[in-house]
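File shown here: data.pdb, holding PDB, C-alpha atoms.
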ATOM      1  CA  MET A   1       0.000   0.000   0.000
ATOM      2  CA  ALA A   2       1.436   3.352  -1.012
ATOM      3  CA  ALA A   3       1.968   6.249   1.369
ATOM      4  CA  PRO A   4      -0.207   9.358   0.971
ATOM      5  CA  PRO A   5       0.923  11.081  -2.245
ATOM      6  CA  ALA A   6       1.654  14.761  -2.576
ATOM      7  CA  GLY A   7      -1.511  16.845  -2.436
ATOM      8  CA  CYS A   8      -3.381  14.446  -0.123
ATOM      9  CA  SER A   9      -3.822  15.797   3.396
ATOM     10  CA  VAL A  10      -3.525  13.688   6.510
ATOM     11  CA  GLY A  11      -7.042  12.587   7.454
ATOM     12  CA  TYR A  12      -8.499  13.885   4.193
ATOM     13  CA  ALA A  13      -8.434  12.734   0.550
ATOM     14  CA  ARG A  14      -8.831  16.097  -1.108
ATOM     15  CA  ARG A  15      -7.335  15.494  -4.511
ATOM     16  CA  SER A  16      -5.991  12.904  -6.871
ATOM     17  CA  PRO A  17      -2.203  12.477  -6.576
ATOM     18  CA  ALA A  18      -1.710  12.708 -10.325
ATOM     19  CA  ALA A  19      -4.361  15.301 -11.172
ATOM     20  CA  GLU A  20      -3.789  19.016 -11.494
ATOM     21  CA  ARG A  21      -7.159  19.743  -9.918
ATOM     22  CA  PRO A  22      -9.430  17.932  -7.440
ATOM     23  CA  VAL A  23     -11.462  15.027  -8.786
ATOM     24  CA  PRO A  24     -15.288  15.156  -8.447
ATOM     25  CA  GLY A  25     -15.561  13.652  -4.976
ATOM     26  CA  LEU A  26     -15.011  10.804  -2.540
ATOM     27  CA  PHE A  27     -17.433   7.879  -2.452
ATOM     28  CA  TYR A  28     -17.340   4.943  -0.051
ATOM     29  CA  VAL A  29     -17.298   1.246  -0.876
ATOM     30  CA  ASP A  30     -17.151  -1.748   1.458
ATOM     31  CA  ALA A  31     -13.729  -2.820   0.186
ATOM     32  CA  LEU A  32     -11.235  -1.296  -2.232
ATOM     33  CA  PRO A  33     -10.096  -3.513  -5.126
ATOM     34  CA  GLU A  34      -6.415  -3.765  -5.952
ATOM     35  CA  THR A  35      -4.787  -1.420  -8.449
ATOM     36  CA  GLY A  36      -5.915  -2.335 -11.965
ATOM     37  CA  ALA A  37      -9.111  -4.036 -10.816
ATOM     38  CA  LEU A  38     -12.653  -2.830 -11.423
ATOM     39  CA  ALA A  39     -14.577  -1.235  -8.550
ATOM     40  CA  VAL A  40     -18.373  -1.168  -8.452
ATOM     41  CA  VAL A  41     -20.111   1.743  -6.730
ATOM     42  CA  GLY A  42     -23.754   0.899  -6.096
ATOM     43  CA  GLY A  43     -26.633   1.702  -3.774
ATOM     44  CA  GLY A  44     -26.942   5.205  -2.398
ATOM     45  CA  GLU A  45     -23.326   6.033  -3.214
ATOM     46  CA  GLY A  46     -23.777   4.913  -6.806
ATOM     47  CA  PHE A  47     -26.964   6.951  -7.215
ATOM     48  CA  HIS A  48     -25.310  10.041  -5.773
ATOM     49  CA  ALA A  49     -22.262   9.672  -8.020
ATOM     50  CA  ALA A  50     -24.096   8.801 -11.250
ATOM     51  CA  THR A  51     -27.347  10.757 -10.969
ATOM     52  CA  VAL A  52     -26.774  13.600  -8.502
ATOM     53  CA  ARG A  53     -23.142  14.385  -9.330
ATOM     54  CA  ARG A  54     -23.550  13.217 -12.956
ATOM     55  CA  ILE A  55     -20.114  11.621 -13.124
ATOM     56  CA  ARG A  56     -19.608  10.055 -16.554
ATOM     57  CA  PRO A  57     -17.248   7.513 -18.183
ATOM     58  CA  GLY A  58     -13.763   8.932 -18.626
ATOM     59  CA  GLU A  59     -13.961  11.069 -15.491
ATOM     60  CA  GLU A  60     -11.994  10.319 -12.341
ATOM     61  CA  LEU A  61     -13.201  10.024  -8.770
ATOM     62  CA  LEU A  62     -11.906   8.922  -5.397
ATOM     63  CA  LEU A  63     -13.148   5.825  -3.608
ATOM     64  CA  GLY A  64     -12.582   5.135   0.070
ATOM     65  CA  ASP A  65     -13.248   2.309   2.499
ATOM     66  CA  GLY A  66     -13.957   4.689   5.396
ATOM     67  CA  ALA A  67     -10.976   3.353   7.349
ATOM     68  CA  GLY A  68      -8.178   5.308   5.662
ATOM     69  CA  GLY A  69      -7.905   3.440   2.372
ATOM     70  CA  VAL A  70      -8.315   5.646  -0.715
ATOM     71  CA  ALA A  71      -8.134   4.903  -4.443
ATOM     72  CA  ARG A  72      -8.035   7.113  -7.526
ATOM     73  CA  CYS A  73     -10.262   5.598 -10.192
ATOM     74  CA  ARG A  74     -11.412   6.267 -13.748
ATOM     75  CA  VAL A  75     -15.072   5.608 -14.540
ATOM     76  CA  GLU A  76     -15.664   3.076 -17.335
ATOM     77  CA  ALA A  77     -19.453   2.666 -17.146
ATOM     78  CA  ALA A  78     -22.315   4.584 -15.555
ATOM     79  CA  ALA A  79     -25.991   3.762 -15.000
ATOM     80  CA  ARG A  80     -28.701   5.474 -12.953
ATOM     81  CA  ASP A  81     -27.524   4.129  -9.606
ATOM     82  CA  ARG A  82     -24.280   2.357 -10.412
ATOM     83  CA  LEU A  83     -20.751   3.132 -11.553
ATOM     84  CA  GLN A  84     -17.901   0.899 -12.627
ATOM     85  CA  ALA A  85     -14.448   2.409 -12.239
ATOM     86  CA  ARG A  86     -10.908   1.150 -12.818
ATOM     87  CA  VAL A  87      -8.532   1.563  -9.864
ATOM     88  CA  LEU A  88      -5.511   3.588 -10.993
ATOM     89  CA  GLN A  89      -3.748   4.014  -7.661
ATOM     90  CA  ARG A  90      -4.291   3.136  -3.996
ATOM     91  CA  TRP A  91      -2.861   4.630  -0.827
ATOM     92  CA  GLN A  92      -3.479   4.814   2.911
ATOM     93  CA  VAL A  93      -4.286   8.099   4.657
ATOM     94  CA  SER A  94      -3.218   8.548   8.285
ATOM     95  CA  PRO A  95      -5.763   9.997  10.715
ATOM     96  CA  PRO A  96      -4.940  13.375  12.277
ATOM     97  CA  GLN A  97      -3.289  13.357  15.687
ATOM     98  CA  PRO A  98      -4.273  13.641  18.444
ATOM     99  CA  PRO A  99      -7.641  11.940  17.927
ATOM    100  CA  VAL A 100     -10.722  13.743  19.245
ATOM    101  CA  THR A 101     -13.794  11.943  20.571
ATOM    102  CA  VAL A 102     -16.902  14.117  20.868
ATOM    103  CA  VAL A 103     -19.328  13.254  23.653
ATOM    104  CA  GLN A 104     -22.512  14.865  22.345
ATOM    105  CA  ALA A 105     -25.468  15.374  24.664
ATOM    106  CA  LEU A 106     -28.638  14.448  22.819
ATOM    107  CA  PRO A 107     -29.921  17.560  21.029
ATOM    108  CA  LYS A 108     -33.473  18.346  20.028
ATOM    109  CA  ALA A 109     -34.613  16.139  17.163
ATOM    110  CA  GLU A 110     -34.322  18.821  14.489
ATOM    111  CA  ARG A 111     -30.722  19.580  15.468
ATOM    112  CA  SER A 112     -29.476  16.082  16.184
ATOM    113  CA  ASP A 113     -28.247  15.229  12.688
ATOM    114  CA  LEU A 114     -26.887  18.756  12.218
ATOM    115  CA  ALA A 115     -24.637  18.400  15.265
ATOM    116  CA  ILE A 116     -23.086  15.244  13.816
ATOM    117  CA  GLU A 117     -22.771  16.677  10.306
ATOM    118  CA  LEU A 118     -20.978  19.842  11.413
ATOM    119  CA  ALA A 119     -18.630  18.093  13.832
ATOM    120  CA  THR A 120     -17.781  15.432  11.244
ATOM    121  CA  GLU A 121     -16.913  18.084   8.670
ATOM    122  CA  ALA A 122     -14.785  19.800  11.338
ATOM    123  CA  GLY A 123     -12.825  16.590  11.963
ATOM    124  CA  ALA A 124     -14.339  14.616  14.863
ATOM    125  CA  ASP A 125     -12.847  11.125  14.944
ATOM    126  CA  ALA A 126     -15.559   9.479  17.054
ATOM    127  CA  PHE A 127     -18.849  10.290  18.742
ATOM    128  CA  VAL A 128     -20.476   9.066  21.929
ATOM    129  CA  ALA A 129     -24.121   9.909  22.623
ATOM    130  CA  TRP A 130     -24.871  11.228  26.118
ATOM    131  CA  GLN A 131     -28.270  11.280  27.831
ATOM    132  CA  ALA A 132     -27.633  14.448  29.858
ATOM    133  CA  ALA A 133     -29.959  15.641  32.600
ATOM    134  CA  ARG A 134     -31.124  18.613  30.534
ATOM    135  CA  SER A 135     -31.438  16.773  27.218
ATOM    136  CA  VAL A 136     -34.909  17.294  25.769
ATOM    137  CA  ALA A 137     -34.584  14.215  23.559
ATOM    138  CA  ARG A 138     -34.821  10.824  25.226
ATOM    139  CA  TRP A 139     -33.374   7.715  23.642
ATOM    140  CA  ASP A 140     -34.612   4.480  25.152
ATOM    141  CA  GLY A 141     -35.622   1.088  23.848
ATOM    142  CA  ALA A 142     -35.883   1.035  20.064
ATOM    143  CA  ARG A 143     -35.052   4.740  19.906
ATOM    144  CA  VAL A 144     -31.434   4.009  20.786
ATOM    145  CA  GLU A 145     -30.670   1.960  17.679
ATOM    146  CA  LYS A 146     -32.778   4.254  15.501
ATOM    147  CA  GLY A 147     -30.909   7.309  16.769
ATOM    148  CA  LEU A 148     -27.507   5.685  16.309
ATOM    149  CA  ARG A 149     -28.411   4.676  12.736
ATOM    150  CA  ARG A 150     -29.325   8.282  11.950
ATOM    151  CA  TRP A 151     -26.076   9.553  13.457
ATOM    152  CA  ARG A 152     -24.021   7.001  11.519
ATOM    153  CA  ALA A 153     -25.760   7.925   8.277
ATOM    154  CA  ALA A 154     -25.204  11.631   8.968
ATOM    155  CA  ALA A 155     -21.520  11.044   9.768
ATOM    156  CA  ARG A 156     -20.985   8.971   6.625
ATOM    157  CA  ALA A 157     -22.616  11.580   4.378
ATOM    158  CA  ALA A 158     -20.717  14.456   5.982
ATOM    159  CA  ALA A 159     -17.406  12.572   5.813
ATOM    160  CA  GLY A 160     -17.894  11.962   2.102
ATOM    161  CA  GLN A 161     -18.876  15.582   1.498
ATOM    162  CA  SER A 162     -15.697  16.814   3.198
ATOM    163  CA  ARG A 163     -13.597  14.037   1.589
ATOM    164  CA  ARG A 164     -12.512  12.424   4.816
ATOM    165  CA  ALA A 165     -10.669   9.145   4.495
ATOM    166  CA  HIS A 166     -12.003   7.982   7.874
ATOM    167  CA  ILE A 167     -15.687   7.830   8.777
ATOM    168  CA  PRO A 168     -16.109   8.699  12.484
ATOM    169  CA  LEU A 169     -17.040   5.858  14.807
ATOM    170  CA  ILE A 170     -20.291   6.272  16.751
ATOM    171  CA  ASP A 171     -21.020   4.511  20.032
ATOM    172  CA  GLY A 172     -24.095   3.955  22.181
ATOM    173  CA  VAL A 173     -25.853   6.221  24.651
ATOM    174  CA  LEU A 174     -24.193   6.850  28.019
ATOM    175  CA  SER A 175     -25.875   7.927  31.224
ATOM    176  CA  THR A 176     -24.135  10.633  33.239
ATOM    177  CA  ALA A 177     -22.909   8.069  35.769
ATOM    178  CA  THR A 178     -21.412   5.924  32.999
ATOM    179  CA  LEU A 179     -19.866   8.980  31.354
ATOM    180  CA  VAL A 180     -18.214  10.022  34.619
ATOM    181  CA  ARG A 181     -16.619   6.576  34.911
ATOM    182  CA  ALA A 182     -15.507   6.763  31.272
ATOM    183  CA  VAL A 183     -13.939  10.171  31.896
ATOM    184  CA  ALA A 184     -12.014   8.868  34.905
ATOM    185  CA  GLY A 185     -10.698   5.964  32.834
ATOM    186  CA  ALA A 186      -9.766   8.209  29.921
ATOM    187  CA  VAL A 187      -7.912  10.659  32.150
ATOM    188  CA  ALA A 188      -6.043   7.783  33.800
ATOM    189  CA  SER A 189      -4.863   6.658  30.353
ATOM    190  CA  GLY A 190      -3.583  10.142  29.459
ATOM    191  CA  THR A 191      -6.541  11.583  27.535
ATOM    192  CA  VAL A 192      -7.270  15.276  28.031
ATOM    193  CA  VAL A 193     -11.001  15.651  28.689
ATOM    194  CA  LEU A 194     -12.611  19.039  28.024
ATOM    195  CA  ALA A 195     -16.166  19.848  29.125
ATOM    196  CA  LEU A 196     -17.608  22.926  27.414
ATOM    197  CA  ASP A 197     -19.272  25.091  30.056
ATOM    198  CA  GLU A 198     -20.253  28.741  29.622
ATOM    199  CA  SER A 199     -19.667  29.437  33.333
ATOM    200  CA  ALA A 200     -16.107  28.050  33.354
ATOM    201  CA  THR A 201     -13.292  30.432  34.255
ATOM    202  CA  ALA A 202     -10.681  28.773  32.018
ATOM    203  CA  GLY A 203     -10.784  29.566  28.314
ATOM    204  CA  LEU A 204     -10.160  26.939  25.646
ATOM    205  CA  ALA A 205      -7.761  29.252  23.818
ATOM    206  CA  GLY A 206      -5.496  29.468  26.870
ATOM    207  CA  LEU A 207      -4.886  25.736  27.235
ATOM    208  CA  SER A 208      -1.564  24.111  26.337
ATOM    209  CA  LEU A 209      -2.547  21.086  24.242
ATOM    210  CA  ARG A 210       0.407  20.593  21.889
ATOM    211  CA  GLN A 211       1.523  17.459  23.738
ATOM    212  CA  ALA A 212      -1.918  15.905  24.260
ATOM    213  CA  GLY A 213      -2.011  12.277  23.173
ATOM    214  CA  ALA A 214      -5.804  12.131  22.821
ATOM    215  CA  LEU A 215      -8.735  14.433  23.492
ATOM    216  CA  MET A 216     -12.320  13.985  24.620
ATOM    217  CA  LEU A 217     -14.694  16.904  24.075
ATOM    218  CA  ILE A 218     -17.932  16.952  26.092
ATOM    219  CA  VAL A 219     -20.771  19.063  24.684
ATOM    220  CA  GLY A 220     -23.882  19.701  26.757
ATOM    221  CA  PRO A 221     -27.510  20.002  25.622
ATOM    222  CA  GLU A 222     -29.333  23.235  24.754
ATOM    223  CA  GLY A 223     -29.795  24.074  28.433
ATOM    224  CA  GLY A 224     -26.127  23.506  29.207
ATOM    225  CA  ILE A 225     -24.469  20.924  31.418
ATOM    226  CA  ALA A 226     -26.177  20.829  34.815
ATOM    227  CA  PRO A 227     -24.075  22.054  37.782
ATOM    228  CA  ASP A 228     -24.043  18.636  39.459
ATOM    229  CA  GLU A 229     -22.917  17.027  36.191
ATOM    230  CA  ILE A 230     -20.067  19.534  35.776
ATOM    231  CA  ALA A 231     -19.043  18.872  39.375
ATOM    232  CA  ALA A 232     -18.992  15.113  38.789
ATOM    233  CA  LEU A 233     -17.121  15.406  35.488
ATOM    234  CA  THR A 234     -14.443  17.716  36.884
ATOM    235  CA  SER A 235     -14.060  15.490  39.952
ATOM    236  CA  ALA A 236     -13.343  12.650  37.515
ATOM    237  CA  GLY A 237     -10.594  14.719  35.877
ATOM    238  CA  ALA A 238     -12.321  16.709  33.137
ATOM    239  CA  LEU A 239     -11.386  20.357  32.577
ATOM    240  CA  ALA A 240     -14.334  22.760  32.408
ATOM    241  CA  VAL A 241     -13.624  25.333  29.683
ATOM    242  CA  ARG A 242     -15.469  28.070  27.835
ATOM    243  CA  MET A 243     -14.852  29.000  24.212
ATOM    244  CA  GLY A 244     -15.627  32.707  24.262
ATOM    245  CA  PRO A 245     -18.062  35.381  25.402
ATOM    246  CA  GLY A 246     -20.975  34.115  23.312
ATOM    247  CA  VAL A 247     -23.216  31.095  23.748
ATOM    248  CA  LEU A 248     -23.400  28.497  20.969
ATOM    249  CA  ARG A 249     -26.122  26.003  20.200
ATOM    250  CA  THR A 250     -25.312  22.411  21.023
ATOM    251  CA  SER A 251     -25.487  21.629  17.289
ATOM    252  CA  SER A 252     -22.572  23.962  16.475
ATOM    253  CA  ALA A 253     -20.485  23.924  19.677
ATOM    254  CA  ALA A 254     -18.440  20.823  18.838
ATOM    255  CA  ALA A 255     -17.627  22.056  15.331
ATOM    256  CA  VAL A 256     -16.404  25.420  16.631
ATOM    257  CA  ALA A 257     -14.337  23.748  19.352
ATOM    258  CA  LEU A 258     -12.818  21.332  16.825
ATOM    259  CA  GLY A 259     -11.701  24.302  14.748
ATOM    260  CA  ALA A 260      -9.937  25.720  17.783
ATOM    261  CA  LEU A 261      -8.359  22.346  18.556
ATOM    262  CA  GLY A 262      -7.022  22.197  15.022
ATOM    263  CA  VAL A 263      -4.903  25.236  15.875
ATOM    264  CA  LEU A 264      -4.138  24.408  19.517
ATOM    265  CA  THR A 265      -2.889  20.892  18.687
ATOM    266  CA  PRO A 266      -0.802  19.455  15.809
ATOM    267  CA  ARG A 267      -3.944  18.210  14.012
ATOM    268  CA  TRP A 268      -3.792  20.880  11.317
ATOM    269  CA  ASP A 269       0.018  21.059  11.351
ATOM    270  CA  GLU A 270       0.235  17.531   9.946
ATOM    271  CA  ARG A 271      -2.309  18.280   7.239
ATOM    272  CA  SER A 272      -0.383  21.375   6.104
ATOM    273  CA  LYS A 273       2.924  19.472   5.980
ATOM    274  CA  SER A 274       1.674  16.447   4.076
TER     275      SER A 274
END

Can the structure in the file be given as structure tokens, please?
Amino acid sequence: MAAPPAGCSVGYARRSPAAERPVPGLFYVDALPETGALAVVGGGEGFHAATVRRIRPGEELLLGDGAGGVARCRVEAAARDRLQARVLQRWQVSPPQPPVTVVQALPKAERSDLAIELATEAGADAFVAWQAARSVARWDGARVEKGLRRWRAAARAAAGQSRRAHIPLIDGVLSTATLVRAVAGAVASGTVVLALDESATAGLAGLSLRQAGALMLIVGPEGGIAPDEIAALTSAGALAVRMGPGVLRTSSAAAVALGALGVLTPRWDERSKS
């Protein structure tokens, strides 16, 4: 497997290594064929590529397996919901470091998918759903799997739109008690855990995070993280931080924080050097 070629950013597959300009887009397949073999893009991805994006034979596109594998391909045949493309080159894209896991308190239904879309485009590596005390939405029973399916679909679509080589992982719903235990374990293993809280005295911009090995970002619901939850999280080792003088919606808070973390950590340094 080749290393990322010039013009391909760490964590992202923004352009073809041999092309002078970006190819039409990145589409996901279950497995990437070897160089020289024929790849078939079907289902929703095939429909989007062939009908929505109107990619035609002779054009190039990028295919990915969602786990870092990327291939530059040339389309040989196109139907309404299916493409066949010859693999010209394959390579592996490294994820940005340090990895960031977003613990997202369940937002209102109309903002739930938006929170995942924006944070995925901003670079979140994984998501964990949190049933916070002030969450309006309640996931229980069959709603848990339904909600996780929606989040996974939103993350996959947003990752493809932003040409990410890795689709974020999404895990099940945590109670506050379970989250507190997870925070304690993460801190013990060296992860820096940040809980966004508008009443915090420490600002995110003032933190020294260049040496952080991994990050966990906790985002509260629309009403904010409850005082007793903040107390429990900080007792477990989380740092309560604010991002600025304004108040953001839960659907945009993670994305804004991820942008700041791109500057405060080497995550964007590696992309600019690759």

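For the residues A:Ala214, A:Arg90, A:Ala260, A:Leu207, ranking by smallest atom-to-atom distance to A:Ala188 using all atoms listed in the file places A:Ala214 first.
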
Selection result for the PyMOL selection byres ((chain A and resi 58-73) around 7) on this file, as JSON, numbers by chain:
{"A": [16, 23, 24, 25, 26, 27, 28, 29, 30, 31, 32, 55, 56, 57, 74, 75, 76, 85, 86, 87, 88, 89, 90, 91, 92, 93, 94, 165, 166, 167]}

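Between atom CA of A:Ala37 and atom CA of A:Ala158 lies a distance of 27.5 Å.
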
Would you work out the distance separating atom CA of A:Thr176 from atom CA of A:Leu261, expressed in Å to one decimal?
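Computed distance, atom CA of A:Thr176 to atom CA of A:Leu261, equals 24.5 Å.
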
Hits of the PyMOL selection byres ((chain A and resi 264) around 12) in this structure, as a ChimeraX atom specification:
/A:97-98,204-212,215,257-263,265-269

Suppose you want the space between atom CA of A:Ala240 and atom CA of A:Leu148; what is it in Å?
26.9 Å

Could you tell me, as a PyMOL selection string, exactly which residues end up selected when the PyMOL selection byres ((chain A and resi 179) around 10) is applied to this structure?
chain A and resi 103+128-132+173-178+180-185+218+229+232-233+236

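You can rank A:Ser135, A:Ser112, A:Thr191, A:Thr250 by their closest distance to A:Gly237 using all atoms listed in the file, and at the top of that list sits A:Thr191.
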
Which residues, written as a ChimeraX atom specification, have at least one atom at most 10 Å from A:Val219, with only C-alpha atoms counted and residues fewer than 6 positions away on the same chain left out?
/A:102-107,129-130,132,194-197,225,249-254,257

From the set A:Gly224, A:Ala231, A:Thr201, A:Arg164, which residue has the shortest atom-to-atom contact distance to A:Pro245, counting all atoms listed in the file?
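For A:Pro245, the nearest of the candidates is A:Thr201.
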
Using all atoms listed in the file, pick whichever of A:Ala157, A:Lys108, A:Leu118, A:Gly42 has the shortest atom-to-atom distance to A:Asp81.
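Nearest to A:Asp81: A:Gly42.
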
Write out as AutoDock Vina command-line options an axis-aligned box for stretch 245-257 of chain A: all of its atoms listed in the file, 4 Å added on each side, centre and edge lengths in Å with one decimal.
--center_x -20.2 --center_y 28.1 --center_z 20.4 --size_x 19.8 --size_y 22.6 --size_z 18.1
